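Engineer: Next up, entry_7.txt (compact mmCIF, C-alpha atoms).
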```txt
# COMPACT_ATOMS: atom_id res chain seq x y z
CA MET I 1 27.10 -11.89 -9.75
CA GLU I 2 24.58 -13.54 -12.09
CA THR I 3 21.04 -12.19 -12.48
CA SER I 4 19.61 -15.29 -10.79
CA GLN I 5 21.88 -14.65 -7.80
CA TYR I 6 20.60 -11.08 -7.53
CA LEU I 7 17.05 -12.41 -7.65
CA SER I 8 17.89 -14.88 -4.90
CA GLN I 9 19.27 -12.04 -2.76
CA VAL I 10 16.15 -9.91 -3.34
CA LEU I 11 13.95 -12.84 -2.30
CA LYS I 12 16.04 -13.32 0.85
CA GLU I 13 15.46 -9.68 1.76
CA LEU I 14 11.73 -10.08 1.19
CA GLN I 15 11.61 -13.17 3.43
CA LEU I 16 12.63 -10.97 6.37
CA VAL I 17 9.79 -8.50 5.77
CA PRO I 18 6.79 -10.21 7.48
CA GLN I 19 8.34 -10.24 10.95
CA LEU I 20 8.88 -6.48 10.71
CA ILE I 21 5.22 -5.56 10.09
CA SER I 22 2.74 -5.05 12.93
CA ASP I 23 -0.36 -7.24 12.82
CA ALA I 24 -2.15 -4.71 15.06
CA GLU I 25 -1.53 -1.93 12.54
CA SER I 26 -2.71 -4.22 9.76
CA GLU I 27 -5.90 -5.15 11.61
CA GLN I 28 -6.72 -1.47 12.10
CA LEU I 29 -6.24 -0.83 8.38
CA ILE I 30 -8.38 -3.82 7.38
CA HIS I 31 -11.15 -2.64 9.70
CA SER I 32 -10.97 0.84 8.17
CA ILE I 33 -11.09 -0.56 4.64
CA THR I 34 -14.18 -2.65 5.35
CA ALA I 35 -15.92 0.16 7.24
CA ALA I 36 -15.27 2.88 4.64
CA ASN I 37 -17.91 4.07 2.20
CA LYS I 38 -15.26 4.32 -0.51
CA VAL I 39 -11.53 3.60 -0.50
CA PHE I 40 -9.09 5.78 -2.42
CA VAL I 41 -5.42 5.01 -2.98
CA ALA I 42 -2.56 7.30 -3.95
CA GLY I 43 1.16 7.05 -4.46
CA ALA I 44 3.83 8.54 -6.67
CA GLY I 45 6.33 6.85 -8.96
CA ARG I 46 6.86 3.14 -8.42
CA SER I 47 4.97 3.27 -5.12
CA GLY I 48 2.02 4.59 -7.10
CA PHE I 49 2.12 1.57 -9.39
CA MET I 50 2.13 -0.77 -6.42
CA ILE I 51 -0.74 0.89 -4.54
CA ARG I 52 -2.89 0.85 -7.70
CA SER I 53 -2.84 -2.94 -7.58
CA LEU I 54 -4.39 -2.81 -4.11
CA ALA I 55 -7.28 -0.72 -5.46
CA MET I 56 -7.84 -3.28 -8.20
CA ARG I 57 -8.07 -6.19 -5.77
CA LEU I 58 -10.33 -4.23 -3.40
CA MET I 59 -12.64 -3.64 -6.37
CA HIS I 60 -12.56 -7.37 -7.13
CA MET I 61 -13.87 -7.94 -3.59
CA GLY I 62 -16.81 -5.63 -4.27
CA ILE I 63 -15.36 -2.68 -2.34
CA GLN I 64 -15.74 0.72 -3.97
CA ALA I 65 -12.08 1.48 -4.59
CA TYR I 66 -10.53 4.23 -6.67
CA VAL I 67 -7.13 5.56 -7.72
CA VAL I 68 -6.72 9.28 -7.04
CA GLY I 69 -6.16 11.16 -10.29
CA GLU I 70 -8.07 8.87 -12.63
CA THR I 71 -10.80 10.54 -14.68
CA VAL I 72 -13.52 8.28 -13.27
CA THR I 73 -12.57 8.77 -9.62
CA PRO I 74 -15.46 10.30 -7.64
CA GLY I 75 -15.13 12.90 -4.93
CA LEU I 76 -13.78 11.95 -1.53
CA GLY I 77 -15.60 12.85 1.65
CA GLU I 78 -16.66 11.95 5.14
CA GLY I 79 -16.80 8.20 5.74
CA ASP I 80 -14.23 7.52 3.03
CA LEU I 81 -10.65 6.28 3.43
CA LEU I 82 -7.55 7.50 1.60
CA ILE I 83 -4.61 5.09 1.69
CA ILE I 84 -1.30 6.66 0.70
CA GLY I 85 1.73 4.55 -0.13
CA SER I 86 4.87 6.64 0.35
CA GLY I 87 8.24 5.46 1.58
CA SER I 88 9.32 8.92 2.65
CA GLY I 89 5.92 10.29 3.64
CA GLU I 90 7.17 13.62 2.33
CA THR I 91 6.18 13.69 -1.36
CA LYS I 92 4.66 17.15 -1.88
CA SER I 93 1.75 16.08 -4.09
CA LEU I 94 0.80 13.33 -1.63
CA THR I 95 1.13 15.70 1.34
CA SER I 96 -1.34 18.06 -0.36
CA MET I 97 -3.75 15.15 -0.95
CA ALA I 98 -3.47 14.09 2.68
CA GLU I 99 -4.21 17.61 3.91
CA LYS I 100 -7.22 17.92 1.60
CA ALA I 101 -8.56 14.49 2.62
CA LYS I 102 -8.45 15.51 6.28
CA LYS I 103 -10.25 18.81 5.51
CA LEU I 104 -12.96 16.83 3.70
CA GLY I 105 -13.48 14.57 6.72
CA ALA I 106 -12.01 11.38 5.29
CA SER I 107 -9.81 8.97 7.20
CA LEU I 108 -6.17 8.78 6.22
CA ALA I 109 -3.92 5.72 6.26
CA LEU I 110 -0.22 5.77 5.42
CA LEU I 111 1.90 2.81 4.32
CA THR I 112 5.48 4.01 4.81
CA THR I 113 9.00 3.50 6.08
CA SER I 114 8.74 6.90 7.83
CA PRO I 115 5.95 7.11 10.42
CA GLU I 116 7.25 10.45 11.76
CA SER I 117 6.95 12.08 8.33
CA THR I 118 4.70 14.99 7.38
CA ILE I 119 1.99 12.63 6.08
CA GLY I 120 2.51 10.37 9.10
CA LYS I 121 1.65 13.27 11.41
CA LEU I 122 -1.63 13.77 9.51
CA ALA I 123 -2.54 10.08 9.33
CA ASP I 124 -5.22 8.38 11.41
CA MET I 125 -3.35 5.10 11.04
CA ILE I 126 0.09 4.09 9.89
CA VAL I 127 1.48 0.76 8.82
CA LYS I 128 5.26 0.82 8.95
CA LEU I 129 6.78 -1.23 6.16
CA PRO I 130 10.47 -2.06 5.96
CA GLY I 131 12.65 -0.57 3.30
CA ALA I 132 15.47 1.82 2.75
CA PRO I 133 15.11 5.49 1.93
CA LYS I 134 16.00 6.67 -1.57
CA ASP I 135 18.90 8.60 -0.11
CA PRO I 136 21.65 6.02 0.52
CA ALA I 137 23.28 8.30 3.08
CA ASN I 138 20.26 7.76 5.34
CA LYS I 139 20.12 3.95 5.59
CA ASP I 140 18.54 2.33 8.62
CA TYR I 141 17.66 -0.83 6.73
CA GLN I 142 20.29 -2.75 4.78
CA THR I 143 19.42 -3.80 1.23
CA ILE I 144 21.41 -4.47 -1.91
CA GLN I 145 18.64 -2.88 -3.95
CA PRO I 146 18.66 0.67 -5.25
CA MET I 147 16.65 3.51 -3.79
CA GLY I 148 13.14 2.51 -2.65
CA SER I 149 12.94 -0.89 -4.37
CA LEU I 150 12.52 -2.95 -1.20
CA PHE I 151 9.74 -0.68 0.07
CA GLU I 152 7.96 -0.78 -3.29
CA GLN I 153 8.12 -4.57 -3.47
CA THR I 154 6.93 -4.82 0.11
CA LEU I 155 4.05 -2.44 -0.66
CA LEU I 156 2.87 -4.70 -3.50
CA LEU I 157 3.13 -7.91 -1.46
CA TYR I 158 1.66 -6.32 1.67
CA GLY I 159 -1.35 -5.19 -0.38
CA ASP I 160 -1.87 -8.77 -1.53
CA ALA I 161 -1.65 -9.98 2.08
CA LEU I 162 -4.26 -7.38 3.13
CA VAL I 163 -6.52 -8.67 0.38
CA LEU I 164 -6.10 -12.28 1.51
CA LYS I 165 -6.97 -11.39 5.12
CA THR I 166 -9.96 -9.33 3.98
CA MET I 167 -11.12 -12.21 1.75
CA GLU I 168 -10.93 -14.52 4.77
CA LEU I 169 -12.98 -12.16 6.93
CA ARG I 170 -15.58 -11.67 4.18
CA LYS I 171 -15.60 -15.38 3.32
CA LEU I 172 -14.63 -14.70 -0.28
CA THR I 173 -12.77 -16.97 -2.66
CA SER I 174 -10.93 -16.24 -5.85
CA ALA I 175 -13.82 -17.84 -7.72
CA SER I 176 -16.40 -15.62 -6.00
CA MET I 177 -14.33 -12.53 -6.84
CA PHE I 178 -13.92 -13.44 -10.49
CA GLY I 179 -17.30 -11.91 -11.36
CA GLN I 180 -15.79 -8.48 -10.64
CA HIS I 181 -12.88 -9.10 -13.03
CA ALA I 182 -12.75 -7.21 -16.33
CA ASN I 183 -14.46 -9.22 -19.05
CA LEU I 184 -14.25 -6.95 -22.10
CA GLU I 185 -11.02 -8.41 -23.45
```
Could the structure of this file be written out as structure tokens, please?

Structural biologist:
Amino acid sequence: METSQYLSQVLKELQLVPQLISDAESEQLIHSITAANKVFVAGAGRSGFMIRSLAMRLMHMGIQAYVVGETVTPGLGEGDLLIIGSGSGETKSLTSMAEKAKKLGASLALLTTSPESTIGKLADMIVKLPGAPKDPANKDYQTIQPMGSLFEQTLLLYGDALVLKTMELRKLTSASMFGQHANLE
């Protein structure tokens, strides 16, 4: 198969994603984002890269948003929200973060393929995203892509959709957000 044909197949898989995501779960997450004092995001590996982009766009909307582990990230506490992106919901470092966030009185949201996971059991809210687990022997969702690729792509695109809905609710435009964009380049 040609590379363009693989890309076409990946896009077909992604076209099926929206109908598999709960609007009610999304609305709860959007409400929590807008109500939080500060929003923190965390993920590991490729999921970590994807969730970081959500923090960036939240910041562009004027929301105090931070990536856990960065040197300029402030402390998390009561009234704050931690959003974890984890397909498995079992990553040890993220489980530890989730436990600590709960002890500190923060709210916890999980974006995952595995709502019944360890982090899912700690979470105040869960948005189930489609995708396949990294272990191909445990496949509930069919994809031609390796490991967690479909989940990771969905995480990125879902974050952008959350931003668009939040922009609508806050009556923001791309132009009004541009003032928050980095201008030191």

Engineer: Just the number, please: distance in Å from atom CA of I:Leu162 to atom CA of I:Lys103, one decimal.

Structural biologist: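 Taking atom CA of I:Leu162 as the start and atom CA of I:Lys103 as the end point, the length is 27.0 Å.
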
Engineer: Which residue, I:Lys165, I:Arg52, I:Lys128, I:His31, has the smallest gap to I:Tyr66 when you use only C-alpha atoms?

Structural biologist: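 Of all the options, I:Arg52 lies closest to I:Tyr66.
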
Engineer: Which residue out of I:Ala106, I:Ala44, I:Ala175, I:Leu156 has the minimum interatomic distance to I:Ile84 when all atoms listed in the file are used?

Structural biologist: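 Result for the nearest residue to I:Ile84: I:Ala44.
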
Engineer: Would you mind listing what lies within 12 Å of I:Thr34 as number ranges by chain, with all atoms listed in the file counted and same-chain residues fewer than 3 positions away left out?

Structural biologist: I: 27-31, 37-39, 58-59, 61-65, 79-81, 162-163, 165-167, 169-170

Engineer: Between I:Gly148, I:Pro74, I:Gly48, I:Pro130, which has the minimum distance to I:Ile21 (counting all atoms listed in the file)?

Structural biologist: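 Checking each of I:Gly148, I:Pro74, I:Gly48, I:Pro130 against I:Ile21, counting all atoms listed in the file, the winner is I:Pro130.
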
Engineer: Please list as a ChimeraX atom specification every residue within 9 Å of I:Ser107, counting only C-alpha atoms and excluding residues in the same chain fewer than 4 positions away.

Structural biologist: /I:32,36,77-83,101-102,123-125

Engineer: Could you check how far atom CA of I:Leu111 sits from atom CA of I:Met147, in Å to one decimal?

Structural biologist: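 Atom CA of I:Met147 lies 16.8 Å from atom CA of I:Leu111.
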
Engineer: Can you build me a table of stretch 89-121 of chain I residues sitting at most 12 Å from stretch 149-153 of chain I, with the closest atom pair per residue and its distance in Å to one decimal, using all atoms listed in the file, sorted by chain and residue number, as JSON lines?

Structural biologist:
```
{"residue": "I:Leu111", "atom": "CA", "partner": "I:Phe151", "partner_atom": "CA", "distance": 9.6}
{"residue": "I:Thr112", "atom": "CA", "partner": "I:Phe151", "partner_atom": "CA", "distance": 7.9}
{"residue": "I:Thr113", "atom": "CA", "partner": "I:Phe151", "partner_atom": "CA", "distance": 7.4}
{"residue": "I:Ser114", "atom": "CA", "partner": "I:Phe151", "partner_atom": "CA", "distance": 10.9}
```

Engineer: Could you check how far atom CA of I:Leu122 sits from atom CA of I:Leu110, in Å to one decimal?

Structural biologist: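 A separation of 9.1 Å between them.
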
Engineer: Show me, as a VMD selection string, the residues that have an atom within 12 Å of I:Ser93 when counting only C-alpha atoms, minus same-chain residues fewer than 6 positions from it.

Structural biologist: chain I and resid 42 to 45 48 68 to 69 84 86 99 to 100 118 to 119

Engineer: Between I:Ile126, I:Ala161, I:Leu104, I:His60, which is the closest to I:Phe178 once you count only C-alpha atoms?

Structural biologist: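 That would be I:His60, the residue with the smallest distance to I:Phe178.
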
Engineer: Pick out the closest residue to I:Met56 from this set: I:Glu90, I:Glu2, I:Asp23, I:Asp160. Count all atoms listed in the file.

Structural biologist: I:Asp160

Engineer: Select, from I:Met1, I:Leu7, I:Leu76, I:Leu164, the residue with the minimum atom-to-atom distance to I:Gln145, counting only C-alpha atoms.

Structural biologist: I:Leu7
